[in-house]
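S.K.: Encoded as structure tokens, here's the structure I'll be asking about.
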Amino acid sequence: MNFKKQTKTRLIQKIEELNREIESLSGIDEQLKGQKEFYEKILKTANVIPWEMDCENDLFLYVGEQAEKILGYPVKDWYKPGFFSKNTYPGDIDTVKAIFKHTFNEDIDNILEFRLVSKQKETVWVRCYISVIKTEMCKRLSGFMIDISEHKKIEASLRESEERFELAINGANDGLWDWDIEQDTIFFTPRWKNMLGYQDSEIGNNSEEWFSRINRNDKNRVVEELESHLKGSSRHFQAEYRILHKSGTYIWVLTRGIAFFNEEGKATRMAGSQTDISERKIVEGQLLHDSLYDELTELPNRVLFVDRLKQGIRRAKEDASYDFAVLLIDLDRFKIINDSMGYEVGDKLLLKMSHRLEACIGSEDTLARLGGDEFAILLSSVKDIIHVTRFAELVLKISMLPIVVKKQRVSATMSIGLILNKLDYDKPDDILRDAETAMYQAKNEGRARYKFFKNSMRKDAIKLLKMEDDLHMALERQEFEIHYQAIVSLLTNKVEGFEALLRWKHPLRGYIYPDEFIPVAEETGLIIPIGEWVIKKVCSQIQSWNEAGHEGLTISVNFSARQFERKNMVSFIKNVLTETGLSPECFKMEITESVTMRNLEYSRKILRELSNIGIKILIDDFGTGYSSLAYLKWFPIDILKIDKSFVFELLNNSGDSEIVSAIIAMAHRLNIRVIAEGVEDIQQFEFLKKNNCDYAQGYYISKPIPSYKAVKLLG
Ligand code: C2E
Ligand code: MG
Ligand code: MG
């Protein structure tokens with residue numbers, strides 16, 4: 001089959017189809033008739049060239065007669081093998097061939113614009129409509145070509161004038177340059193040279209004057225951009241880079257330019273501008289720095305840490321041999337240090353701690369300050385759990401060394417939550433959440449320790465949140481009650497006073513005991529409003545009994561660490577005493593040894609203040625903690641309460657009875673009274689009496705009971 005003929009036949013068929021279509025329309029319309037003639041005319045006379053080609057062999061099988069007009073070659077030349085490649089613009093031929101091939105292989109229609117070169121060596125822009133024709137035997141490409149050179153010229157001149165205009169506008173404050181690429185001479189305006197600190201005469205006119213000053217780290221990038229533009233791949237040249245100033249420092253510039261190409265597509269000339277963007281870069285750099293680093297310690301902040309974590313997660317997923325660990329570190333009791341010693345001391349402490357932590361980590365690890373007194377370490381290339389444990393121990397050890405800030409010794413331990421990536425995390429936030437849970441667990445277990453995260457902790461954390469919610473409600477709905485447990489004098493056998501013990505009357509669960517909810521209240525800070533409620537309540541209760549004739553009754557109130565460390569605690573108690581009229585001598589503060597040991601200086605100061613106004617200080621659960629009698633001398637302590645665990649075993653365990661009698665004797669020597677708690681039977685009661693214990697408290701005398709029952713014990 002002759003393809004030339006086939007295409008021709010196809011065209012004629014198309015026109016005939018059109019004819020038939022027009023004629024078939026009822027009442028043949030004059031306008032349509034006109035259209036038909038118009039199409040025929042286009043095909044014959046306009047610059048529309050039908051063509052057909054064997055693209056594998058680069059051979060035209062058919063071109064319309066109009067082809068001669070478009071490039072100036074006679075039609076017979078078009079049928080020579082390789083004519084198409086030879087006369088297509090060198091920069092376009094590869095792309096065109098590739099698109100032709102793709103169109104052919106995929107059996108699709110396509111439209112493509114590219115350049116041909118005329119016999120007179122002029123560029124002719126064509127738009128080519130391509131489709132595939134298939135017969136039983138063969139498959140060919142065919143289509144139409146339209147000369148769109150005029151349209152392209154207008155487009156280009158518009159673009160050029162737009163770009164020139166932009167350059168002129170920016171030129172006012174910019175340095176300008178005009179580069180004759182063939183001669184390699186550049187004209188730099190005085191402003192260009194001035195920007196680099198030079199007088200007009202101090203800089204020559206070759207491209208080295210420019211390129212040799214570009215910062216080594218930026219040079220490759222600039223050259224790449226430039227080459228890509230000179231090859232015609234980008235419409236503009238544009239680059240931001242550092243260039244050497246006469247002063248020896250680098251300034252940031254933005255250089256923009258456009259090349260002018262000759263008919264062969266070679267860049268012959270290029271011109272552009274140079275803008276000083278140093279200030280913008282400084283601001284950008286500062287902003288970037290500020291957004292990623294902590295101001296006080298200069299360590300990465302949470303944003304940067306999360307980003308590093310993301311990278312760690314990605315790396316661990318790609319490389320099975322890589323693993324990492326995360327340590328979430330919180331300073332213990334930082335708030336108290338801040339409150340009692342001032343922010344300046346607090347800041348210095350954080351800074352010193354950050355330096356110590358920095359000394360522990362390797363170059364691949366990241367130490368960040370997440371906020372407040374919270375730090376985090378991303379430990380890279382972790383070998384195993386022993387490696388992480390050793391590291392955590394090291395961190396704990398260095399944190400325990402005392403720090404001297406403004407001539408004051410401050411000791412701040414740390415609680416650490418640990419995560420090993422073995423749990424296969426996807427999100428940094430999940431890692432931080434679990435590390436935080438583990439860190440809180442470390443705090444709950446007595447601080448100054450580390451804890452690896454376990455899944456069960458997450459459940460505990462949820463339970464804690466629920467309990468926190470419930471406690472808030474309990475406070476609002478006044479579900480708390482005070483039960484009073486009598487304390488009797490072993491000398492007179494009379495009720496000397498009571499210990500106030502808190503109960504939560506839960507609407508569904510009944511009484512909930514303090515061991516269950518006090519730690520949560522302590523953890524969440526709710527202990528403060530709850531504790532204040534207790535103080536007010538018991539003071540007015542005892543005062544009302546005193547006024548009813550039971551003079552001199554005392555009330556023992558338990559204080560947790562958070563309550564004791566509260567800033568305005570002393571003034572709060574003072575106010576309540578004044579408001580209720582209760583004498584300070586009747587108020588006993590029960591604190592444990594561990595509370596007082598947390599910050600010896602602070603404890604001594606506060607206890608002295610309390611003691612000075614007449615309040616009695618009682619050390620609760622004595623024997624279970626440090627049990628250091630030496631420090632008792634240091635604090636103004638009035639009473640020791642021997643822990644019930646010793647009292648329980650008094651008569652079964654000779655060791656315990658000796659301890660109890662020794663404590664009593666020693667305390668008396670220091671002029672301190674002694675209470676024994678947990679007295680459950682007469683034998684214990686008698687033993688204590690015989691050993692000169694001052695007071696007893698326990699189920700043998702009375703359980704903790706509501707006020708209406710307690711008042712009956714007073715007789
Ligand atoms: P605690 O101050 O050592 O109180 C003594 C605990 O021993 C009380 O437990 C009391 O009911 C119990 N107890 C008293 N006598 C006996 C006895 O003969 N045998 C036995 N087995 N137990 C006896 P409770 O009421 O459950 O209180 C537990 C802890 O909760 C208290 O220990 C105290 O540390 C804390 N707590 C209670 N009320 C408050 C409060 O209002 N504020 C604060 N911060 N803590 C409180
Ligand atoms: Mg107590
Ligand atoms: Mg106790």
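For the structure tokens, the naming scheme is as follows: chains receive sequential letters (A, B, ...) according to their order of presentation, residues are indexed from 1 within each chain, and ligands are indexed from 1 in presentation order.
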Let me have all residues with an atom within 6 Å of ligand 1, counting only C-alpha atoms and all ligand atoms, laid out as a list of chain:residue names.
M.R.: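 Those residues are A:Leu501, A:Leu502, A:Tyr513, A:Pro514, A:Asp515, A:Gly531, A:Val534, A:Asn558, A:Phe559, A:Ser560, A:Asp621, A:Glu677, A:Gly678, A:Val679, A:Glu680, A:Gly698, A:Tyr699, A:Pro704.
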S.K.: Quick one: residues within 8 Å of ligand 3, with only C-alpha atoms and all ligand atoms, as a list in words?
M.R.: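 Sorted by chain and then by number, the residues are Asp620, Asp621, Phe622, Lys641, Ile642, Asp643, Lys644 and Glu677 of chain A.
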S.K.: Could you turn the residues from that selection into a file that holds N, CA, C and O atoms, as a PDB file, in the first residue's frame?
M.R.:
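Output file result31.pdb follows:
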ATOM      1  N   ASP A 620       6.694  12.182 111.199  1.00  0.00           N
ATOM      2  CA  ASP A 620       5.818  11.019 111.042  1.00  0.00           C
ATOM      3  C   ASP A 620       6.622   9.814 110.549  1.00  0.00           C
ATOM      4  O   ASP A 620       7.680   9.971 109.935  1.00  0.00           O
ATOM      5  N   ASP A 621       6.093   8.651 110.785  1.00  0.00           N
ATOM      6  CA  ASP A 621       6.671   7.392 110.269  1.00  0.00           C
ATOM      7  C   ASP A 621       8.151   7.265 110.614  1.00  0.00           C
ATOM      8  O   ASP A 621       8.944   6.756 109.816  1.00  0.00           O
ATOM      9  N   PHE A 622       8.517   7.711 111.781  1.00  0.00           N
ATOM     10  CA  PHE A 622       9.927   7.693 112.143  1.00  0.00           C
ATOM     11  C   PHE A 622      10.430   6.250 112.214  1.00  0.00           C
ATOM     12  O   PHE A 622       9.776   5.369 112.757  1.00  0.00           O
ATOM     13  N   LYS A 641       7.003  10.468 115.751  1.00  0.00           N
ATOM     14  CA  LYS A 641       5.959   9.445 115.765  1.00  0.00           C
ATOM     15  C   LYS A 641       6.578   8.156 115.248  1.00  0.00           C
ATOM     16  O   LYS A 641       6.971   8.068 114.080  1.00  0.00           O
ATOM     17  N   ILE A 642       6.699   7.175 116.144  1.00  0.00           N
ATOM     18  CA  ILE A 642       7.326   5.908 115.748  1.00  0.00           C
ATOM     19  C   ILE A 642       6.386   5.158 114.814  1.00  0.00           C
ATOM     20  O   ILE A 642       5.191   4.995 115.113  1.00  0.00           O
ATOM     21  N   ASP A 643       6.920   4.723 113.711  1.00  0.00           N
ATOM     22  CA  ASP A 643       6.089   4.095 112.691  1.00  0.00           C
ATOM     23  C   ASP A 643       5.425   2.820 113.198  1.00  0.00           C
ATOM     24  O   ASP A 643       6.009   2.070 113.976  1.00  0.00           O
ATOM     25  N   LYS A 644       4.218   2.597 112.683  1.00  0.00           N
ATOM     26  CA  LYS A 644       3.435   1.469 113.190  1.00  0.00           C
ATOM     27  C   LYS A 644       4.088   0.112 112.925  1.00  0.00           C
ATOM     28  O   LYS A 644       3.853  -0.843 113.642  1.00  0.00           O
ATOM     29  N   GLU A 677       2.453   5.011 116.908  1.00  0.00           N
ATOM     30  CA  GLU A 677       1.210   4.846 116.139  1.00  0.00           C
ATOM     31  C   GLU A 677       0.993   3.365 115.857  1.00  0.00           C
ATOM     32  O   GLU A 677       1.911   2.556 115.976  1.00  0.00           O
TER      33      GLU A 677
END
S.K.: Excluding same-chain residues fewer than 2 positions from region 98-102 of chain A, what lies within 8 Å of it counting only C-alpha atoms, as an NGL selection string?
M.R.: :A and (55 or 94-96 or 104-106 or 130 or 141)
S.K.: If we count only C-alpha atoms, what is near Arg356 (chain A) at a cut-off of 12 Å, once residues fewer than 2 positions away on the same chain are taken out, given as a PyMOL selection string?
M.R.: chain A and resi 297+349-354+358-361+367+375+394-403
S.K.: Assign secondary structure with DSSP using the backbone only, and return the residues of region 96-229 of chain A in strand (DSSP E or B) as JSON, numbers by chain.
M.R.: {"A": [110, 111, 112, 113, 114, 115, 116, 117, 123, 124, 125, 126, 127, 128, 129, 130, 131, 132, 133, 134, 139, 140, 141, 142, 143, 144, 145, 146, 147, 175, 176, 177, 178, 179, 180, 185, 186, 187, 188, 214]}
S.K.: Restricted to N, CA and C atoms, what would the selected residues look like written as a compact mmCIF listing (two decimals), in the first residue's frame?
M.R.:
# COMPACT_ATOMS: atom_id res chain seq x y z
N ASN A 110 -0.85 13.33 19.67
CA ASN A 110 0.00 14.26 20.41
C ASN A 110 0.08 15.61 19.69
N ILE A 111 0.42 16.63 20.45
CA ILE A 111 0.68 17.94 19.84
C ILE A 111 2.02 18.41 20.36
N LEU A 112 2.83 18.96 19.48
CA LEU A 112 4.19 19.30 19.89
C LEU A 112 4.64 20.56 19.17
N GLU A 113 5.34 21.45 19.91
CA GLU A 113 5.90 22.64 19.24
C GLU A 113 7.40 22.53 19.24
N PHE A 114 8.03 22.79 18.07
CA PHE A 114 9.49 22.76 18.02
C PHE A 114 9.98 23.62 16.86
N ARG A 115 11.31 23.68 16.74
CA ARG A 115 11.88 24.57 15.73
C ARG A 115 12.50 23.78 14.57
N LEU A 116 12.27 24.30 13.35
CA LEU A 116 12.96 23.79 12.17
C LEU A 116 13.92 24.89 11.73
N VAL A 117 14.85 24.53 10.85
CA VAL A 117 15.76 25.57 10.34
C VAL A 117 15.56 25.66 8.82
N THR A 123 15.13 30.40 11.90
CA THR A 123 14.36 29.47 12.76
C THR A 123 12.89 29.55 12.40
N VAL A 124 12.29 28.39 12.19
CA VAL A 124 10.86 28.35 11.90
C VAL A 124 10.20 27.51 12.99
N TRP A 125 9.30 28.16 13.70
CA TRP A 125 8.59 27.44 14.78
C TRP A 125 7.39 26.72 14.16
N VAL A 126 7.21 25.43 14.47
CA VAL A 126 6.02 24.74 13.98
C VAL A 126 5.27 24.09 15.13
N ARG A 127 3.95 24.00 14.91
CA ARG A 127 3.16 23.19 15.84
C ARG A 127 2.77 21.94 15.06
N CYS A 128 3.01 20.79 15.65
CA CYS A 128 2.84 19.54 14.93
C CYS A 128 1.75 18.70 15.60
N TYR A 129 0.72 18.34 14.83
CA TYR A 129 -0.33 17.45 15.36
C TYR A 129 0.01 16.05 14.88
N ILE A 130 0.18 15.13 15.79
CA ILE A 130 0.65 13.80 15.39
C ILE A 130 -0.38 12.74 15.75
N SER A 131 -0.58 11.80 14.85
CA SER A 131 -1.35 10.61 15.23
C SER A 131 -0.79 9.39 14.51
N VAL A 132 -1.28 8.24 14.90
CA VAL A 132 -0.73 6.99 14.36
C VAL A 132 -1.75 6.40 13.39
N ILE A 133 -1.28 6.01 12.19
CA ILE A 133 -2.22 5.28 11.32
C ILE A 133 -1.74 3.84 11.19
N LYS A 134 -2.72 2.98 11.20
CA LYS A 134 -2.37 1.56 11.17
C LYS A 134 -3.12 0.86 10.06
N LYS A 139 2.43 0.33 10.34
CA LYS A 139 2.03 1.37 11.28
C LYS A 139 2.89 2.58 10.98
N ARG A 140 2.29 3.73 10.80
CA ARG A 140 3.04 4.93 10.45
C ARG A 140 2.58 6.10 11.30
N LEU A 141 3.44 7.16 11.33
CA LEU A 141 3.04 8.41 11.98
C LEU A 141 2.58 9.38 10.92
N SER A 142 1.51 10.09 11.20
CA SER A 142 1.11 11.11 10.23
C SER A 142 0.53 12.28 10.98
N GLY A 143 0.32 13.39 10.29
CA GLY A 143 -0.25 14.55 10.95
C GLY A 143 -0.17 15.80 10.13
N PHE A 144 -0.28 16.93 10.80
CA PHE A 144 -0.20 18.24 10.16
C PHE A 144 0.82 19.08 10.88
N MET A 145 1.39 20.02 10.14
CA MET A 145 2.36 20.94 10.73
C MET A 145 1.89 22.35 10.42
N ILE A 146 1.94 23.26 11.38
CA ILE A 146 1.55 24.65 11.10
C ILE A 146 2.71 25.55 11.48
N ASP A 147 2.99 26.56 10.66
CA ASP A 147 4.05 27.52 10.95
C ASP A 147 3.53 28.50 12.00
N GLY A 175 23.83 46.16 41.50
CA GLY A 175 24.96 46.26 40.58
C GLY A 175 24.55 45.55 39.30
N LEU A 176 24.96 46.07 38.16
CA LEU A 176 24.59 45.41 36.90
C LEU A 176 25.85 44.89 36.22
N TRP A 177 25.66 43.89 35.38
CA TRP A 177 26.78 43.33 34.63
C TRP A 177 26.32 42.91 33.25
N ASP A 178 27.24 43.00 32.33
CA ASP A 178 26.92 42.65 30.95
C ASP A 178 28.11 41.87 30.41
N TRP A 179 27.89 40.64 30.08
CA TRP A 179 28.99 39.71 29.81
C TRP A 179 28.99 39.33 28.33
N ASP A 180 30.09 39.65 27.68
CA ASP A 180 30.25 39.20 26.29
C ASP A 180 30.93 37.83 26.39
N THR A 185 34.52 39.12 28.23
CA THR A 185 34.70 40.39 28.94
C THR A 185 33.39 40.72 29.62
N ILE A 186 33.51 41.25 30.82
CA ILE A 186 32.29 41.64 31.54
C ILE A 186 32.38 43.12 31.88
N PHE A 187 31.30 43.78 31.63
CA PHE A 187 31.21 45.16 32.09
C PHE A 187 30.46 45.13 33.42
N PHE A 188 31.14 45.56 34.51
CA PHE A 188 30.48 45.68 35.81
C PHE A 188 30.20 47.15 36.07
N ILE A 214 33.60 34.02 44.48
CA ILE A 214 32.46 33.26 45.02
C ILE A 214 32.95 32.27 46.07
S.K.: Hey, can you check how far CA of Ser273 (chain A) sits from CA of Asp174 (chain A)?
M.R.: 6.0 Å
S.K.: For Gly581 (chain A), which residue out of A:Ala442, A:Ile659, A:Ile555, A:Cys539 is the nearest one, using only C-alpha atoms?
M.R.: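 Between A:Ala442, A:Ile659, A:Ile555, A:Cys539, the residue approaching Gly581 (chain A) most closely is A:Cys539.
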S.K.: Enter the distance from CA of His668 (chain A) to CA of Pro636 (chain A), in Å, rounded to one decimal.
M.R.: 14.1 Å
S.K.: Quick check for you: according to DSSP on this backbone, which residues of region 145-388 of chain A are classed as alpha helix (DSSP H)? Reply as a ChimeraX atom specification.
M.R.: /A:149-171,190-195,208-211,216-230,278-292,302-318,334-341,343-360,385-388
S.K.: What lies within 9 Å of Gly346 (chain A) using only C-alpha atoms, ignoring chain neighbours under 3 positions off, as a VMD selection string?
M.R.: chain A and resid 334 to 335 337 to 339 341 to 343 349 to 351 405
S.K.: Applying 9 Å and only C-alpha atoms, which residues near Asn444 (chain A) remain after dropping the ones on its own chain fewer than 3 positions away? List them as an NGL selection string.
M.R.: :A and (439-441 or 447 or 519 or 523)
S.K.: Rank A:Glu516, A:Glu52, A:Glu649, A:Asp200 by their smallest atom-to-atom distance to Lys463 (chain A), using only C-alpha atoms, and report the top residue only.
M.R.: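 Closest candidate: A:Glu516.
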S.K.: Rounded to one decimal in Å, what is the spacing between CA of Thr596 (chain A) and CA of Val570 (chain A)?
M.R.: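 Calculated distance between CA of Thr596 (chain A) and CA of Val570 (chain A) is 15.1 Å.
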S.K.: List the neighbours of region 574-579 of chain A out to 9 Å using only C-alpha atoms; skip same-chain residues closer than 4 positions along the sequence, and give me the result as number ranges by chain.
M.R.: A: 535-536, 539-540, 569-570, 583-584, 587, 610, 613
S.K.: Hey, which of A:Ile615, A:Ile705, A:Ile385, A:Ile93 ends up closest to Tyr484 (chain A)? Count only C-alpha atoms.
M.R.: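 Among the listed residues, the smallest separation from Tyr484 (chain A) belongs to A:Ile705.
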S.K.: For ligand 2, which of A:Ile431, A:Ile243, A:Met457, A:Ala676 is the closest residue, counting only C-alpha atoms and all ligand atoms?
M.R.: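 Comparing A:Ile431, A:Ile243, A:Met457, A:Ala676 against ligand 2, the winner is A:Ala676.
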S.K.: Out of A:Val382, A:Ala486, A:Leu226, A:Ile675, which residue has the shortest atom-to-atom distance to Lys709 (chain A) when counting only C-alpha atoms?
M.R.: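 Smallest distance to Lys709 (chain A) is found for A:Ala486.
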S.K.: With only C-alpha atoms and all ligand atoms as the atoms that count, which of A:Glu522, A:Glu609, A:Asp656, A:Glu499 lies nearest to ligand 2?
M.R.: A:Glu499
